[in-house]
>>> print(open('structure23.cif').read())   # mmCIF, C-alpha atoms and all ligand atoms
data_final
#
loop_
_atom_site.group_PDB
_atom_site.id
_atom_site.type_symbol
_atom_site.label_atom_id
_atom_site.label_comp_id
_atom_site.auth_asym_id
_atom_site.auth_seq_id
_atom_site.Cartn_x
_atom_site.Cartn_y
_atom_site.Cartn_z
ATOM 1 C CA MET A 1 -4.985 -8.807 -8.181
ATOM 2 C CA ASP A 2 -4.299 -5.083 -8.224
ATOM 3 C CA ASN A 3 -4.708 -3.049 -11.407
ATOM 4 C CA ARG A 4 -3.254 0.170 -10.059
ATOM 5 C CA PRO A 5 -0.033 1.452 -11.681
ATOM 6 C CA ILE A 6 3.520 1.125 -10.376
ATOM 7 C CA GLY A 7 5.342 4.407 -9.710
ATOM 8 C CA VAL A 8 8.960 4.706 -10.870
ATOM 9 C CA PHE A 9 11.251 7.690 -10.371
ATOM 10 C CA ASP A 10 14.722 9.051 -10.932
ATOM 11 C CA SER A 11 16.441 12.428 -11.172
ATOM 12 C CA GLY A 12 15.999 12.336 -14.952
ATOM 13 C CA VAL A 13 16.175 9.880 -17.849
ATOM 14 C CA GLY A 14 18.276 7.263 -16.019
ATOM 15 C CA GLY A 15 15.315 5.446 -14.508
ATOM 16 C CA LEU A 16 14.079 4.663 -18.020
ATOM 17 C CA THR A 17 16.733 1.929 -18.122
ATOM 18 C CA VAL A 18 14.883 0.314 -15.204
ATOM 19 C CA VAL A 19 11.489 0.926 -16.830
ATOM 20 C CA LYS A 20 12.779 -0.943 -19.893
ATOM 21 C CA GLN A 21 13.392 -4.071 -17.805
ATOM 22 C CA ILE A 22 10.085 -3.726 -15.942
ATOM 23 C CA VAL A 23 8.218 -3.485 -19.246
ATOM 24 C CA LYS A 24 10.036 -6.598 -20.530
ATOM 25 C CA LEU A 25 9.216 -8.619 -17.445
ATOM 26 C CA LEU A 26 5.823 -7.176 -16.531
ATOM 27 C CA PRO A 27 4.338 -5.923 -19.821
ATOM 28 C CA GLU A 28 0.800 -5.945 -18.467
ATOM 29 C CA GLU A 29 1.592 -3.539 -15.615
ATOM 30 C CA SER A 30 0.682 0.149 -15.900
ATOM 31 C CA LEU A 31 3.431 2.588 -14.955
ATOM 32 C CA VAL A 32 3.722 6.203 -13.870
ATOM 33 C CA TYR A 33 7.233 7.577 -14.309
ATOM 34 C CA PHE A 34 8.615 10.788 -12.878
ATOM 35 C CA GLY A 35 11.977 12.262 -13.968
ATOM 36 C CA ASP A 36 13.148 15.245 -11.941
ATOM 37 C CA THR A 37 14.683 17.005 -14.946
ATOM 38 C CA ALA A 38 14.536 20.419 -13.249
ATOM 39 C CA ARG A 39 16.755 19.305 -10.368
ATOM 40 C CA VAL A 40 19.077 16.713 -11.954
ATOM 41 C CA PRO A 41 21.808 15.802 -10.956
ATOM 42 C CA TYR A 42 21.132 14.302 -7.536
ATOM 43 C CA GLY A 43 24.583 12.767 -7.278
ATOM 44 C CA SER A 44 26.314 15.901 -6.038
ATOM 45 C CA LYS A 45 23.560 16.996 -3.608
ATOM 46 C CA SER A 46 23.333 16.473 0.158
ATOM 47 C CA LYS A 47 21.339 13.650 1.676
ATOM 48 C CA GLU A 48 18.830 16.134 3.212
ATOM 49 C CA THR A 49 18.089 17.600 -0.212
ATOM 50 C CA ILE A 50 17.682 14.209 -1.872
ATOM 51 C CA VAL A 51 15.380 12.992 0.914
ATOM 52 C CA LYS A 52 13.247 16.121 0.494
ATOM 53 C CA PHE A 53 13.071 15.734 -3.314
ATOM 54 C CA SER A 54 12.251 12.014 -3.078
ATOM 55 C CA LYS A 55 9.455 12.585 -0.557
ATOM 56 C CA GLN A 56 7.903 15.194 -2.863
ATOM 57 C CA ILE A 57 8.091 12.754 -5.767
ATOM 58 C CA ILE A 58 6.495 9.897 -3.840
ATOM 59 C CA ARG A 59 3.717 12.235 -2.673
ATOM 60 C CA PHE A 60 3.130 13.110 -6.334
ATOM 61 C CA LEU A 61 3.138 9.428 -7.358
ATOM 62 C CA LYS A 62 0.634 8.696 -4.605
ATOM 63 C CA THR A 63 -1.786 11.173 -6.235
ATOM 64 C CA LYS A 64 -1.659 8.788 -9.220
ATOM 65 C CA ASN A 65 -2.818 5.980 -6.941
ATOM 66 C CA VAL A 66 0.295 3.804 -7.316
ATOM 67 C CA LYS A 67 0.343 0.375 -5.653
ATOM 68 C CA ALA A 68 4.146 0.282 -5.318
ATOM 69 C CA VAL A 69 7.157 2.481 -5.987
ATOM 70 C CA VAL A 70 10.483 1.667 -7.604
ATOM 71 C CA ILE A 71 13.376 3.965 -6.741
ATOM 72 C CA ALA A 72 15.087 3.787 -10.131
ATOM 73 C CA CYS A 73 18.017 5.797 -8.811
ATOM 74 C CA ASN A 74 21.102 4.513 -7.023
ATOM 75 C CA THR A 75 21.793 7.817 -5.302
ATOM 76 C CA VAL A 76 18.355 7.785 -3.666
ATOM 77 C CA SER A 77 18.449 4.020 -3.028
ATOM 78 C CA SER A 78 21.824 4.115 -1.306
ATOM 79 C CA ASN A 79 21.195 7.244 0.782
ATOM 80 C CA CYS A 80 17.471 7.473 1.508
ATOM 81 C CA TYR A 81 15.763 4.074 1.278
ATOM 82 C CA GLU A 82 15.246 3.817 5.053
ATOM 83 C CA ASP A 83 13.949 7.411 5.347
ATOM 84 C CA LEU A 84 11.451 6.797 2.558
ATOM 85 C CA SER A 85 10.255 3.450 3.908
ATOM 86 C CA GLU A 86 9.697 5.112 7.260
ATOM 87 C CA GLU A 87 7.818 8.050 5.729
ATOM 88 C CA PHE A 88 5.595 5.825 3.564
ATOM 89 C CA PRO A 89 5.114 2.648 5.613
ATOM 90 C CA ASP A 90 2.086 1.465 3.615
ATOM 91 C CA LEU A 91 3.773 1.657 0.243
ATOM 92 C CA PRO A 92 5.975 -1.209 -0.971
ATOM 93 C CA ILE A 93 9.250 0.361 -2.144
ATOM 94 C CA THR A 94 11.803 -1.457 -4.296
ATOM 95 C CA GLU A 95 15.342 -0.088 -4.527
ATOM 96 C CA VAL A 96 18.203 -0.863 -6.917
ATOM 97 C CA VAL A 97 21.267 -1.458 -4.710
ATOM 98 C CA THR A 98 20.398 -4.909 -3.315
ATOM 99 C CA PRO A 99 19.640 -6.351 -6.776
ATOM 100 C CA GLY A 100 22.902 -4.784 -8.018
ATOM 101 C CA VAL A 101 24.876 -6.445 -5.233
ATOM 102 C CA GLU A 102 23.272 -9.829 -5.908
ATOM 103 C CA SER A 103 23.978 -9.588 -9.642
ATOM 104 C CA CYS A 104 27.580 -8.648 -8.984
ATOM 105 C CA ILE A 105 28.168 -11.534 -6.566
ATOM 106 C CA ALA A 106 26.844 -13.884 -9.254
ATOM 107 C CA ALA A 107 29.061 -12.307 -11.929
ATOM 108 C CA THR A 108 32.506 -12.018 -10.335
ATOM 109 C CA ARG A 109 35.046 -14.818 -10.605
ATOM 110 C CA ASN A 110 38.195 -13.194 -9.188
ATOM 111 C CA LYS A 111 36.264 -11.242 -6.487
ATOM 112 C CA ILE A 112 37.816 -7.941 -7.575
ATOM 113 C CA VAL A 113 34.993 -5.664 -8.599
ATOM 114 C CA GLY A 114 34.584 -2.086 -9.713
ATOM 115 C CA LEU A 115 31.761 0.218 -8.735
ATOM 116 C CA ILE A 116 30.977 3.322 -10.729
ATOM 117 C CA GLY A 117 28.270 5.736 -9.657
ATOM 118 C CA THR A 118 27.582 9.289 -8.547
ATOM 119 C CA TYR A 119 29.490 10.962 -5.714
ATOM 120 C CA GLY A 120 26.428 10.376 -3.526
ATOM 121 C CA THR A 121 26.323 6.638 -4.207
ATOM 122 C CA VAL A 122 30.047 6.016 -4.014
ATOM 123 C CA SER A 123 30.507 7.983 -0.795
ATOM 124 C CA SER A 124 27.496 6.362 0.920
ATOM 125 C CA GLY A 125 29.402 3.046 1.065
ATOM 126 C CA ALA A 126 26.089 1.196 0.569
ATOM 127 C CA TYR A 127 27.314 -1.102 -2.207
ATOM 128 C CA GLU A 128 30.606 -1.847 -0.515
ATOM 129 C CA ARG A 129 28.962 -2.717 2.818
ATOM 130 C CA ARG A 130 26.481 -5.084 1.220
ATOM 131 C CA LEU A 131 29.021 -6.687 -1.107
ATOM 132 C CA LYS A 132 31.352 -7.368 1.806
ATOM 133 C CA ALA A 133 28.488 -8.683 3.923
ATOM 134 C CA ALA A 134 27.643 -11.131 1.136
ATOM 135 C CA ASP A 135 31.276 -12.142 0.602
ATOM 136 C CA PRO A 136 33.980 -10.788 2.945
ATOM 137 C CA GLU A 137 36.697 -11.706 0.427
ATOM 138 C CA ILE A 138 35.429 -9.270 -2.158
ATOM 139 C CA LYS A 139 37.604 -6.265 -3.014
ATOM 140 C CA VAL A 140 35.730 -3.200 -4.224
ATOM 141 C CA TYR A 141 37.317 -0.351 -6.154
ATOM 142 C CA LYS A 142 35.098 2.685 -6.579
ATOM 143 C CA LYS A 143 35.053 5.604 -8.939
ATOM 144 C CA ALA A 144 32.564 8.463 -9.135
ATOM 145 C CA CYS A 145 31.793 9.317 -12.769
ATOM 146 C CA PRO A 146 29.530 12.390 -12.446
ATOM 147 C CA LEU A 147 29.919 13.538 -16.052
ATOM 148 C CA PHE A 148 28.179 10.411 -17.354
ATOM 149 C CA VAL A 149 24.876 11.863 -16.082
ATOM 150 C CA PRO A 150 24.800 15.050 -18.220
ATOM 151 C CA LEU A 151 26.132 13.030 -21.167
ATOM 152 C CA ALA A 152 23.183 10.619 -20.843
ATOM 153 C CA GLU A 153 20.699 13.476 -20.344
ATOM 154 C CA GLU A 154 22.074 15.082 -23.530
ATOM 155 C CA GLY A 155 21.860 11.804 -25.443
ATOM 156 C CA TRP A 156 25.642 11.759 -26.026
ATOM 157 C CA ALA A 157 25.906 8.033 -25.463
ATOM 158 C CA ASN A 158 28.866 7.048 -27.596
ATOM 159 C CA ASN A 159 30.420 10.068 -29.284
ATOM 160 C CA GLU A 160 33.986 11.336 -28.982
ATOM 161 C CA VAL A 161 33.327 13.257 -25.765
ATOM 162 C CA ALA A 162 31.657 10.252 -24.133
ATOM 163 C CA ARG A 163 34.505 7.953 -25.188
ATOM 164 C CA LEU A 164 37.172 10.331 -23.921
ATOM 165 C CA THR A 165 35.354 10.816 -20.604
ATOM 166 C CA ALA A 166 34.875 7.077 -20.112
ATOM 167 C CA GLY A 167 38.532 6.434 -20.913
ATOM 168 C CA ILE A 168 39.710 8.869 -18.244
ATOM 169 C CA TYR A 169 37.256 7.674 -15.576
ATOM 170 C CA LEU A 170 37.721 3.945 -16.101
ATOM 171 C CA LYS A 171 41.487 3.706 -16.481
ATOM 172 C CA GLU A 172 42.035 3.602 -12.722
ATOM 173 C CA LEU A 173 39.629 0.658 -12.284
ATOM 174 C CA MET A 174 41.074 -1.266 -15.201
ATOM 175 C CA ASP A 175 44.529 -0.988 -13.632
ATOM 176 C CA LYS A 176 43.128 -2.851 -10.576
ATOM 177 C CA ASN A 177 42.288 -5.991 -12.553
ATOM 178 C CA VAL A 178 38.535 -5.873 -11.850
ATOM 179 C CA ASP A 179 36.574 -8.616 -13.615
ATOM 180 C CA SER A 180 33.188 -6.927 -13.250
ATOM 181 C CA ILE A 181 31.932 -3.377 -13.023
ATOM 182 C CA ILE A 182 28.646 -2.394 -11.414
ATOM 183 C CA LEU A 183 26.809 0.375 -13.225
ATOM 184 C CA GLY A 184 25.834 1.984 -9.916
ATOM 185 C CA CYS A 185 23.822 4.754 -11.548
ATOM 186 C CA THR A 186 20.760 4.180 -13.686
ATOM 187 C CA HIS A 187 21.949 6.741 -16.237
ATOM 188 C CA TYR A 188 25.038 4.682 -17.062
ATOM 189 C CA PRO A 189 23.397 1.836 -19.045
ATOM 190 C CA ILE A 190 22.641 4.538 -21.651
ATOM 191 C CA LEU A 191 26.448 4.687 -22.135
ATOM 192 C CA LYS A 192 26.886 0.917 -21.871
ATOM 193 C CA LYS A 193 28.352 0.470 -25.355
ATOM 194 C CA CYS A 194 30.880 3.216 -24.761
ATOM 195 C CA ILE A 195 31.810 1.819 -21.330
ATOM 196 C CA GLY A 196 32.006 -1.718 -22.787
ATOM 197 C CA ASN A 197 34.446 -0.591 -25.478
ATOM 198 C CA ILE A 198 36.781 0.803 -22.828
ATOM 199 C CA VAL A 199 36.674 -2.107 -20.363
ATOM 200 C CA GLY A 200 36.768 -4.846 -23.028
ATOM 201 C CA GLU A 201 34.879 -8.113 -23.204
ATOM 202 C CA ASN A 202 36.662 -9.792 -20.302
ATOM 203 C CA VAL A 203 34.963 -7.463 -17.837
ATOM 204 C CA THR A 204 31.320 -8.176 -17.037
ATOM 205 C CA ILE A 205 29.155 -5.083 -16.930
ATOM 206 C CA VAL A 206 26.607 -5.464 -14.137
ATOM 207 C CA ASP A 207 23.411 -3.494 -14.640
ATOM 208 C CA PRO A 208 21.123 -3.841 -11.584
ATOM 209 C CA ALA A 209 18.000 -3.034 -13.641
ATOM 210 C CA LYS A 210 17.031 -6.571 -14.638
ATOM 211 C CA ALA A 211 17.406 -7.973 -11.126
ATOM 212 C CA THR A 212 15.403 -4.986 -9.815
ATOM 213 C CA ALA A 213 12.534 -5.816 -12.163
ATOM 214 C CA MET A 214 12.726 -9.456 -11.052
ATOM 215 C CA LYS A 215 12.546 -8.425 -7.382
ATOM 216 C CA LEU A 216 9.527 -6.274 -8.093
ATOM 217 C CA LYS A 217 7.804 -9.096 -9.968
ATOM 218 C CA LYS A 218 8.463 -11.532 -7.128
ATOM 219 C CA TYR A 219 7.040 -9.092 -4.582
ATOM 220 C CA LEU A 220 3.890 -8.470 -6.630
ATOM 221 C CA GLU A 221 3.407 -12.190 -7.216
ATOM 222 C CA GLU A 222 3.874 -13.135 -3.571
ATOM 223 C CA ASN A 223 1.461 -10.441 -2.427
ATOM 224 C CA ASN A 224 -1.138 -11.140 -5.082
ATOM 225 C CA MET A 225 -0.681 -7.638 -6.487
ATOM 226 C CA LEU A 226 -0.110 -8.353 -10.183
ATOM 227 C CA ASN A 227 -2.338 -6.671 -12.721
ATOM 228 C CA ALA A 228 -5.205 -8.922 -13.782
ATOM 229 C CA GLY A 229 -4.281 -8.127 -17.382
ATOM 230 C CA ASP A 230 -7.862 -7.421 -18.467
ATOM 231 C CA LYS A 231 -7.042 -3.851 -19.597
ATOM 232 C CA GLU A 232 -4.164 -2.635 -21.735
ATOM 233 C CA ALA A 233 -1.245 -1.314 -19.710
ATOM 234 C CA GLN A 234 -0.902 2.457 -19.610
ATOM 235 C CA ARG A 235 2.494 4.137 -19.295
ATOM 236 C CA LEU A 236 2.503 7.769 -18.233
ATOM 237 C CA PHE A 237 5.575 10.010 -18.062
ATOM 238 C CA TYR A 238 6.046 13.188 -16.057
ATOM 239 C CA VAL A 239 9.012 15.535 -15.684
ATOM 240 C CA SER A 240 9.696 18.671 -13.663
ATOM 241 C CA ASP A 241 11.100 20.702 -16.581
ATOM 242 C CA ARG A 242 11.757 20.772 -20.297
ATOM 243 C CA SER A 243 14.546 18.467 -21.480
ATOM 244 C CA HIS A 244 15.395 15.898 -24.163
ATOM 245 C CA PHE A 245 13.279 13.420 -22.228
ATOM 246 C CA GLU A 246 10.961 12.454 -25.102
ATOM 247 C CA GLN A 247 13.804 11.683 -27.528
ATOM 248 C CA ILE A 248 15.764 9.670 -24.972
ATOM 249 C CA CYS A 249 12.600 7.878 -23.898
ATOM 250 C CA SER A 250 12.005 6.720 -27.506
ATOM 251 C CA ARG A 251 15.627 5.663 -27.802
ATOM 252 C CA VAL A 252 15.664 3.655 -24.557
ATOM 253 C CA LEU A 253 12.163 2.154 -24.670
ATOM 254 C CA HIS A 254 11.616 2.065 -28.438
ATOM 255 C CA GLU A 255 8.209 3.589 -27.747
ATOM 256 C CA ASP A 256 7.024 7.163 -28.280
ATOM 257 C CA HIS A 257 5.410 8.871 -25.323
ATOM 258 C CA THR A 258 4.174 12.347 -24.648
ATOM 259 C CA VAL A 259 5.590 13.773 -21.476
ATOM 260 C CA GLU A 260 3.814 16.093 -19.102
ATOM 261 C CA LYS A 261 5.581 18.766 -17.072
ATOM 262 C CA ILE A 262 4.415 19.218 -13.489
ATOM 263 C CA ASP A 263 5.368 21.508 -10.620
ATOM 264 C CA ILE A 264 6.992 19.064 -8.188
ATOM 265 C CA GLU A 265 7.570 21.768 -5.562
ATOM 266 C CA LYS A 266 3.812 21.721 -4.848
ATOM 267 C CA TYR A 267 4.004 18.241 -3.322
HETATM 268 N N1 LIG B 1 20.322 8.078 -12.052
HETATM 269 C C1 LIG B 1 20.670 8.400 -10.746
HETATM 270 C C2 LIG B 1 21.425 7.315 -10.023
HETATM 271 O O1 LIG B 1 21.171 6.176 -10.297
HETATM 272 C C3 LIG B 1 21.028 9.817 -10.399
HETATM 273 C C4 LIG B 1 22.082 10.496 -11.176
HETATM 274 C C5 LIG B 1 22.168 11.961 -10.774
HETATM 275 O O2 LIG B 1 21.142 12.633 -10.814
HETATM 276 O O3 LIG B 1 23.266 12.395 -10.396
HETATM 277 O O4 LIG B 1 22.232 7.557 -9.174
#
>>> encode(input="structure23.cif", output="structure tokens", more="lines below")
Ligand code: DGL
Amino acid sequence: MDNRPIGVFDSGVGGLTVVKQIVKLLPEESLVYFGDTARVPYGSKSKETIVKFSKQIIRFLKTKNVKAVVIACNTVSSNCYEDLSEEFPDLPITEVVTPGVESCIAATRNKIVGLIGTYGTVSSGAYERRLKAADPEIKVYKKACPLFVPLAEEGWANNEVARLTAGIYLKELMDKNVDSIILGCTHYPILKKCIGNIVGENVTIVDPAKATAMKLKKYLEENNMLNAGDKEAQRLFYVSDRSHFEQICSRVLHEDHTVEKIDIEKY
């Protein structure tokens, strides 16, 4: 048993979609969340910059005595997982790409799949490599949708601008006859309704968040690291700058939280 909290991070509000699934599956676990609202988006930044930011964040989370870390960001997961595991060898780190790949393999019937994500995720080739390793017959069509991130950060989840943007981005993939689309960015589930309206009900929307929470649970169970459940779970939220974080947090988690701003550059 291990009553320490789990650290979760993302460039901003996106990782809350992963927190939502963790809370559902592991309600007795305490969490410390960090959203890098001062430096979002990560998707257009270089690998070196994202590695540097992620190391600072994990150092901060370690000051909160976390027992494990979840990278609730596809851009970081697909570009920096190895660097971070090497830098923090004693900390169990869960990423979101592998669970996303597994969910997609389970979902597709025609083996033609779409991947949407940030420039960083799409250009890393991480999803494609792992999908093809799991099933060499799979065809992957990719599309970077960078404007979904500021739309989610602004809380514009399904208004006219969001619908227009989704229509333009997704047309190309729909023309390829994909039967499933991976939401390869944790911000995108915030726009899931809008995306769903464009792709229609015959396309399965794959959100890696649930499978990520399941992977985390399995790891904690197998390593006897679950919370004993004798104290109420605490969920703490930190950001690097002012934003609409609190409002979006209540919308995604259906819980109100106060959010503390910290200087991430110190770590
Ligand atoms: N939510 C993140 C992801 O999953 C990052 C988006 C961004 O900051 O560009 O990729």
>>> axis_aligned_box(input="structure23.cif", around="ligand LIG 1 (chain B)", padding_each_side="3 Å", output="AutoDock Vina command-line options")
--center_x 21.8 --center_y 9.4 --center_z -10.6 --size_x 8.9 --size_y 12.5 --size_z 8.9
>>> residues_near_ligand(input="structure23.cif", ligand="ligand LIG 1 (chain B)", cutoff="6 Å", atoms="all atoms listed in the file", output="ChimeraX atom specification")
/A:10-11,14,40-43,73-75,118,149,185-187
>>> residues_around(input="structure23.cif", residues="A:Lys64", least_positions_apart="3", cutoff="9 Å", atoms="all atoms listed in the file", output="list of chain:residue names")
A:Arg4, A:Pro5, A:Gly7, A:Val32, A:Phe60, A:Leu61
>>> write_last_selection(input="structure23.cif", atoms="C-alpha atoms", output="tab-separated table (two decimals), in the coordinates of the input")
chain	number	residue	atom	x	y	z
A	4	ARG	CA	-3.25	0.17	-10.06
A	5	PRO	CA	-0.03	1.45	-11.68
A	7	GLY	CA	5.34	4.41	-9.71
A	32	VAL	CA	3.72	6.20	-13.87
A	60	PHE	CA	3.13	13.11	-6.33
A	61	LEU	CA	3.14	9.43	-7.36
>>> resolve_selection(input="structure23.cif", expression="the PyMOL selection byres (((chain A and resi 139) around 12) and not hetatm)", output="VMD selection string")
chain A and resid 104 to 105 108 to 115 127 to 138 140 to 142 173 176 to 181
>>> residues_around(input="structure23.cif", residues="A:Arg163", least_positions_apart="4", cutoff="8 Å", atoms="only C-alpha atoms", output="CSV table (one decimal) with C-alpha atoms, keeping the file's coordinate frame")
chain,number,residue,atom,x,y,z
A,158,ASN,CA,28.9,7.0,-27.6
A,159,ASN,CA,30.4,10.1,-29.3
A,167,GLY,CA,38.5,6.4,-20.9
A,194,CYS,CA,30.9,3.2,-24.8
A,195,ILE,CA,31.8,1.8,-21.3
A,198,ILE,CA,36.8,0.8,-22.8
>>> closest_residue(input="structure23.cif", among="A:Ala107, A:Ile71, A:Leu226, A:Ile22", to="A:Ile205", atoms="only C-alpha atoms")
A:Ala107
>>> closest_residue(input="structure23.cif", among="A:Ser77, A:Asn224, A:Asn65, A:Thr121", to="A:Pro99", atoms="all atoms listed in the file")
A:Ser77
>>> residues_around(input="structure23.cif", residues="A:Glu255", least_positions_apart="6", cutoff="10 Å", atoms="all atoms listed in the file", output="list of chain:residue names")
A:Glu246, A:Gln247, A:Cys249
>>> residues_around(input="structure23.cif", residues="A:Asp230", least_positions_apart="4", cutoff="12 Å", atoms="only C-alpha atoms", output="VMD selection string")
chain A and resid 1 to 3 28 to 30 226
>>> residues_near_point(input="structure23.cif", point="(13.9, -10.8, -8.4)", cutoff="12 Å", atoms="all atoms listed in the file", output="PyMOL selection string")
chain A and resi 21-22+25+94-96+98-100+102-103+208-222
>>> residues_around(input="structure23.cif", residues="A:Ala162", least_positions_apart="6", cutoff="8 Å", atoms="all atoms listed in the file", output="ChimeraX atom specification")
/A:148,151,156,191,194
